[in-house]
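To be precise, the following lines are upload.cif, and they hold mmCIF, C-alpha atoms.
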data_coords
#
loop_
_atom_site.label_atom_id
_atom_site.label_comp_id
_atom_site.auth_asym_id
_atom_site.auth_seq_id
_atom_site.Cartn_x
_atom_site.Cartn_y
_atom_site.Cartn_z
CA MET N 439 -25.92 -28.84 13.35
CA THR N 440 -23.34 -28.78 10.56
CA SER N 441 -23.67 -31.37 7.81
CA GLU N 442 -20.89 -32.64 5.59
CA ARG N 443 -22.24 -30.65 2.65
CA ARG N 444 -22.16 -27.38 4.57
CA ARG N 445 -18.77 -28.19 6.12
CA ALA N 446 -17.36 -28.97 2.67
CA TRP N 447 -18.64 -25.64 1.30
CA ILE N 448 -17.09 -23.71 4.19
CA ASP N 449 -13.79 -25.64 3.91
CA GLU N 450 -13.57 -25.04 0.16
CA LEU N 451 -14.27 -21.36 0.65
CA GLU N 452 -11.68 -21.13 3.43
CA ALA N 453 -9.05 -22.62 1.11
CA SER N 454 -9.95 -20.09 -1.61
CA LEU N 455 -9.76 -16.90 0.45
CA ARG N 456 -6.82 -14.50 0.64
CA GLY N 457 -6.22 -11.88 3.30
CA THR N 458 -5.49 -12.00 7.00
CA ARG N 459 -6.56 -15.00 9.07
CA ARG N 460 -8.65 -12.76 11.32
CA ALA N 461 -10.61 -11.24 8.43
CA ARG N 462 -11.10 -14.64 6.78
CA ASN N 463 -12.34 -16.21 10.02
CA ARG N 464 -14.81 -13.39 10.50
CA LEU N 465 -16.18 -13.79 7.00
CA LEU N 466 -16.51 -17.55 7.43
CA ALA N 467 -18.31 -17.14 10.77
CA GLU N 468 -20.75 -14.67 9.22
CA LEU N 469 -21.45 -16.91 6.23
CA ASP N 470 -21.94 -19.96 8.45
CA ALA N 471 -24.48 -18.02 10.52
CA HIS N 472 -26.14 -16.86 7.31
CA VAL N 473 -26.48 -20.44 6.03
CA GLU N 474 -27.92 -21.43 9.40
CA ASP N 475 -30.55 -18.68 9.19
CA ALA N 476 -31.39 -19.61 5.61
CA ILE N 477 -31.83 -23.29 6.56
CA CYS N 478 -34.21 -22.29 9.37
CA GLU N 479 -36.19 -20.13 6.96
CA GLU N 480 -36.42 -22.89 4.35
CA MET N 481 -37.49 -25.43 6.99
CA ALA N 482 -40.12 -23.01 8.28
CA ALA N 483 -41.39 -22.90 4.68
CA GLY N 484 -41.90 -26.67 4.78
CA LEU N 485 -38.68 -28.27 3.50
CA ASP N 486 -36.94 -31.11 5.32
CA PHE N 487 -33.42 -30.48 6.61
CA GLY N 488 -31.55 -31.86 3.59
CA ALA N 489 -33.61 -29.92 1.06
CA ALA N 490 -33.48 -26.78 3.23
CA GLU N 491 -29.70 -26.99 3.40
CA ARG N 492 -29.37 -27.45 -0.36
CA ALA N 493 -31.66 -24.46 -0.92
CA ALA N 494 -29.72 -22.36 1.61
CA LEU N 495 -26.37 -23.13 -0.02
CA ALA N 496 -27.82 -22.37 -3.45
CA ARG N 497 -29.01 -19.01 -2.16
CA VAL N 498 -25.58 -18.16 -0.73
CA GLY N 499 -23.94 -18.93 -4.06
CA SER N 500 -20.85 -20.77 -5.20
CA VAL N 501 -17.47 -20.56 -3.52
CA LEU N 502 -16.28 -18.52 -6.50
CA ASP N 503 -19.19 -16.05 -6.13
CA VAL N 504 -17.94 -15.19 -2.64
CA ALA N 505 -14.18 -15.67 -3.08
CA ARG N 506 -13.83 -13.51 -6.20
CA PRO N 507 -14.99 -10.15 -4.76
CA TRP N 508 -13.27 -10.94 -1.47
CA ASN N 509 -9.93 -11.72 -3.11
CA ASP N 510 -10.19 -8.70 -5.41
CA HIS N 511 -10.57 -6.49 -2.36
CA ALA N 512 -7.77 -8.28 -0.48
CA SER N 513 -5.41 -7.81 -3.44
CA ALA N 514 -6.36 -4.14 -3.75
CA ARG N 515 -5.69 -3.59 -0.04
CA ARG N 516 -2.33 -5.34 -0.23
CA LEU N 517 -1.35 -3.21 -3.21
CA ALA N 518 -2.46 -0.07 -1.35
CA VAL N 519 -0.33 -1.01 1.67
CA ARG N 520 2.71 -1.62 -0.57
CA LEU N 521 2.22 1.66 -2.40
CA ARG N 522 1.89 3.51 0.92
CA MET N 523 5.15 1.94 2.15
CA LEU N 524 6.87 2.80 -1.13
CA ALA N 525 5.62 6.40 -0.87
CA MET N 526 6.92 6.62 2.70
CA GLY N 527 10.29 5.28 1.57
CA VAL N 528 10.49 7.82 -1.26
CA ALA N 529 9.47 10.64 1.10
CA ALA N 530 12.09 9.58 3.65
CA ALA N 531 14.74 9.45 0.92
CA ALA N 532 13.69 12.89 -0.34
CA VAL N 533 14.15 14.33 3.16
CA LEU N 534 17.36 12.53 4.09
CA ALA N 535 19.24 12.70 0.78
CA PRO N 536 19.79 16.53 0.81
CA VAL N 537 20.97 16.33 4.43
CA GLY N 538 23.49 13.65 3.51
CA LEU N 539 24.71 15.58 0.48
CA ALA N 540 25.08 18.77 2.54
CA GLN N 541 27.13 16.92 5.11
CA ARG N 542 29.44 15.51 2.45
CA SER N 543 30.07 18.89 0.81
CA ASP N 544 30.57 20.81 4.10
CA PRO N 545 34.33 20.80 5.12
CA ALA N 546 33.35 21.14 8.79
CA HIS N 547 31.69 17.74 8.52
CA LYS N 548 34.61 16.05 6.74
CA VAL N 549 35.48 12.76 8.22
CA PRO N 550 39.09 12.96 9.55
CA SER N 551 41.55 10.65 7.92
CA THR N 552 42.74 7.77 10.00
CA PRO N 553 45.91 8.79 11.95
CA LYS N 554 49.07 6.82 11.30
CA PRO N 555 50.06 4.59 14.19
CA ALA N 556 53.08 5.86 16.17
CA PRO N 557 56.37 4.02 15.41
CA LYS N 558 57.27 1.39 17.96
CA VAL N 559 60.34 2.11 20.16
CA VAL N 560 62.49 -0.93 20.57
CA ARG N 561 64.30 -1.14 23.89
CA ARG N 562 67.26 -3.48 23.79
CA GLY N 563 67.88 -3.93 27.46
CA PRO N 564 66.57 -2.88 30.82
CA GLY N 565 66.86 0.90 31.13
CA ALA N 566 68.54 1.20 27.72
CA VAL N 567 68.08 4.46 25.89
CA PRO N 568 68.57 4.33 22.14
CA GLY N 569 71.49 6.36 20.79
CA ARG N 570 73.18 6.93 24.24
CA ALA N 571 76.39 5.12 25.27
CA SER N 572 76.37 3.52 28.69
CA MET S 802 -41.04 -8.46 -14.09
CA ALA S 803 -37.59 -9.97 -14.62
CA ARG S 804 -35.20 -10.13 -11.71
CA GLU S 805 -31.95 -8.27 -12.26
CA PRO S 806 -28.38 -8.41 -11.08
CA PHE S 807 -27.51 -5.43 -8.93
CA SER S 808 -23.73 -5.53 -8.88
CA GLY S 809 -23.42 -1.96 -10.16
CA HIS S 810 -25.60 -0.60 -7.38
CA LEU S 811 -24.67 -2.93 -4.56
CA ASP S 812 -22.98 -0.34 -2.36
CA LEU S 813 -25.87 2.10 -2.68
CA LEU S 814 -28.45 -0.57 -1.82
CA LEU S 815 -26.49 -1.84 1.19
CA LEU S 816 -25.96 1.65 2.57
CA ALA S 817 -29.63 2.52 2.00
CA ALA S 818 -30.78 -0.66 3.77
CA LEU S 819 -28.93 0.52 6.88
CA THR S 820 -30.45 4.01 6.91
CA ASN S 821 -32.84 3.50 9.81
CA GLU S 822 -31.18 0.95 12.06
CA PRO S 823 -28.19 -1.38 12.47
CA LEU S 824 -28.75 -4.80 10.88
CA HIS S 825 -26.84 -8.07 10.39
CA GLY S 826 -26.09 -9.39 6.91
CA TYR S 827 -29.08 -11.69 6.66
CA ALA S 828 -31.46 -8.90 7.67
CA ILE S 829 -29.82 -6.48 5.21
CA ILE S 830 -30.42 -8.95 2.37
CA GLU S 831 -34.01 -9.50 3.51
CA ARG S 832 -34.62 -5.77 3.59
CA VAL S 833 -33.22 -5.23 0.09
CA ARG S 834 -35.28 -8.13 -1.21
CA ARG S 835 -38.49 -6.97 0.47
CA THR S 836 -38.22 -3.29 -0.42
CA SER S 837 -37.29 -4.08 -4.04
CA GLY S 838 -40.18 -6.52 -4.37
CA GLY S 839 -37.74 -9.38 -5.01
CA ARG S 840 -36.38 -7.53 -8.02
CA PHE S 841 -32.70 -7.98 -7.35
CA ASP S 842 -31.34 -11.46 -7.85
CA TYR S 843 -27.87 -12.20 -6.52
CA PRO S 844 -25.92 -14.83 -4.60
CA GLU S 845 -26.48 -13.80 -0.97
CA GLY S 846 -22.89 -14.64 0.00
CA THR S 847 -21.56 -11.82 -2.19
CA VAL S 848 -23.03 -9.27 0.20
CA TYR S 849 -20.50 -10.08 2.94
CA PRO S 850 -17.33 -9.18 1.01
CA ALA S 851 -19.09 -5.93 0.07
CA LEU S 852 -19.95 -5.20 3.72
CA HIS S 853 -16.33 -5.83 4.73
CA ARG S 854 -15.13 -3.54 1.95
CA LEU S 855 -17.50 -0.75 2.96
CA GLU S 856 -16.32 -1.13 6.54
CA ALA S 857 -12.67 -0.92 5.42
CA GLU S 858 -13.56 2.31 3.59
CA GLY S 859 -14.95 3.71 6.84
CA LEU S 860 -18.56 3.85 5.63
CA LEU S 861 -19.80 1.13 8.01
CA ALA S 862 -18.95 0.02 11.52
CA SER S 863 -19.73 -3.42 12.89
CA ARG S 864 -19.81 -5.42 16.12
CA TRP S 865 -20.81 -8.89 17.25
CA ASN S 866 -24.05 -9.15 19.17
CA GLY S 867 -26.16 -12.03 20.44
CA GLU S 868 -24.32 -12.98 23.62
CA GLY S 869 -26.25 -14.68 26.39
CA GLY S 870 -27.60 -17.73 24.61
CA ARG S 871 -28.69 -15.97 21.41
CA ARG S 872 -26.95 -16.76 18.14
CA ARG S 873 -24.04 -14.40 17.47
CA ARG S 874 -24.45 -12.14 14.47
CA ARG S 875 -22.26 -9.36 13.12
CA VAL S 876 -24.32 -6.17 13.11
CA TYR S 877 -23.50 -3.30 10.73
CA GLU S 878 -24.36 0.36 10.97
CA LEU S 879 -23.66 3.52 9.01
CA THR S 880 -20.84 5.76 10.21
CA PRO S 881 -21.10 9.56 9.76
CA LYS S 882 -18.88 9.13 6.69
CA GLY S 883 -21.28 6.44 5.45
CA VAL S 884 -24.29 8.73 5.89
CA LYS S 885 -22.51 11.39 3.86
CA ALA S 886 -21.53 8.87 1.18
CA LEU S 887 -25.10 7.59 0.98
CA ASP S 888 -26.42 11.14 0.49
CA GLY S 889 -23.92 11.74 -2.30
CA ARG S 890 -24.62 8.45 -4.06
CA ARG S 891 -28.37 8.96 -3.71
CA ARG S 892 -28.06 12.37 -5.40
CA ASP S 893 -25.89 10.86 -8.16
CA TRP S 894 -28.47 8.14 -8.72
CA GLU S 895 -31.38 10.59 -8.83
CA ARG S 896 -29.52 12.77 -11.30
CA PHE S 897 -28.70 9.75 -13.48
CA SER S 898 -32.28 8.48 -13.27
CA ARG S 899 -33.73 11.88 -14.24
CA SER S 900 -31.34 12.13 -17.18
CA VAL S 901 -32.25 8.69 -18.50
CA GLY S 902 -35.95 9.47 -17.99
CA ALA S 903 -35.59 12.72 -19.94
CA VAL S 904 -33.91 10.93 -22.84
CA LEU S 905 -36.57 8.21 -22.90
CA GLU S 906 -39.38 10.75 -22.86
CA GLY S 907 -37.75 12.70 -25.66
CA THR S 908 -37.49 9.74 -28.04
#

Translate the structure of the given file into structure tokens.
Amino acid sequence: MTSERRRAWIDELEASLRGTRRARNRLLAELDAHVEDAICEEMAAGLDFGAAERAALARVGSVLDVARPWNDHASARRLAVRLRMLAMGVAAAAVLAPVGLAQRSDPAHKVPSTPKPAPKVVRRGPGAVPGRAS
Amino acid sequence: MAREPFSGHLDLLLLAALTNEPLHGYAIIERVRRTSGGRFDYPEGTVYPALHRLEAEGLLASRWNGEGGRRRRRVYELTPKGVKALDGRRRDWERFSRSVGAVLEGT
């Protein structure tokens, strides 16, 4: 059973989280199960459902308590991925740049200049040969 | 005895709680609370981002269990890298604790 209070907490947390949808969904599923367990424990200790749910949510903490460390980690991971891509780009450039320079300085690899198009021969009549009297 | 925040030692406590067997988040928190005599006071939800982070670092592995009518829970366990990390952090902690103890005894 999911009450409005619990749903609202989960929804607010969902809206506050960064990272991939898969990772966020997993975290939300785990926290929802955790709240469920905590409610059961509080009810077993003698509280009614409403009080047990309030106690369970208080134990889990505020949305900010959970979202802050999560988002810090998500940002750090994103930065790490970007730095790795940048490093790969720099490494690729370091490997390819000398090859390109060598090709440009080697005469054997010079790009041939574009040949001039052959001049058009204009025939004035059928079978006519330029410069020959008929 | 006052309850204390444990943010600085969270990773060590989580890894240590998983020493003997795989556990889900709720059980990990229960174990830390029980073995510390309720000493550490923290919002329970903060444990999950830490578990995800430790898994991303390769120190923990996890899987869903509880199929077949039981409630599904994500169960965490130490990886070989996690066991090694726990040993290292335990040694660091013991060294730190001994050093502080020596200073306190000397004053």

- [ ] Expand the PyMOL selection byres ((chain N) within 10 of (chain S)) into the individual residues it matches in the shown file, reporting them as a PyMOL selection string.
- [x] chain N and resi 461+464-469+471-476+494-512+515

So what does the PyMOL selection byres ((chain S and resi 819) around 10) actually pick up in this one, as a compact mmCIF listing (two decimals) with C-alpha atoms, in the coordinates of the input?
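Writing the result to expr-v2.txt gives the following:
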# COMPACT_ATOMS: atom_id res chain seq x y z
CA LEU S 814 -28.45 -0.57 -1.82
CA LEU S 815 -26.49 -1.84 1.19
CA LEU S 816 -25.96 1.65 2.57
CA ALA S 817 -29.63 2.52 2.00
CA ALA S 818 -30.78 -0.66 3.77
CA THR S 820 -30.45 4.01 6.91
CA ASN S 821 -32.84 3.50 9.81
CA GLU S 822 -31.18 0.95 12.06
CA PRO S 823 -28.19 -1.38 12.47
CA LEU S 824 -28.75 -4.80 10.88
CA HIS S 825 -26.84 -8.07 10.39
CA ALA S 828 -31.46 -8.90 7.67
CA ILE S 829 -29.82 -6.48 5.21
CA ARG S 832 -34.62 -5.77 3.59
CA VAL S 833 -33.22 -5.23 0.09
CA LEU S 861 -19.80 1.13 8.01
CA TYR S 877 -23.50 -3.30 10.73
CA GLU S 878 -24.36 0.36 10.97
CA LEU S 879 -23.66 3.52 9.01
CA GLY S 883 -21.28 6.44 5.45
CA VAL S 884 -24.29 8.73 5.89
CA LEU S 887 -25.10 7.59 0.98

Open item on the list: Translate the PyMOL selection byres ((chain N and resi 488) around 12) into a concrete residue list for this structure, as an NGL selection string.
Closed with: :N and (439-444 or 477-478 or 480-481 or 484-487 or 489-495)

Task: Distance in Å - atom CA of Met523 of chain N versus atom CA of Arg462 of chain N - done: 23.7 Å
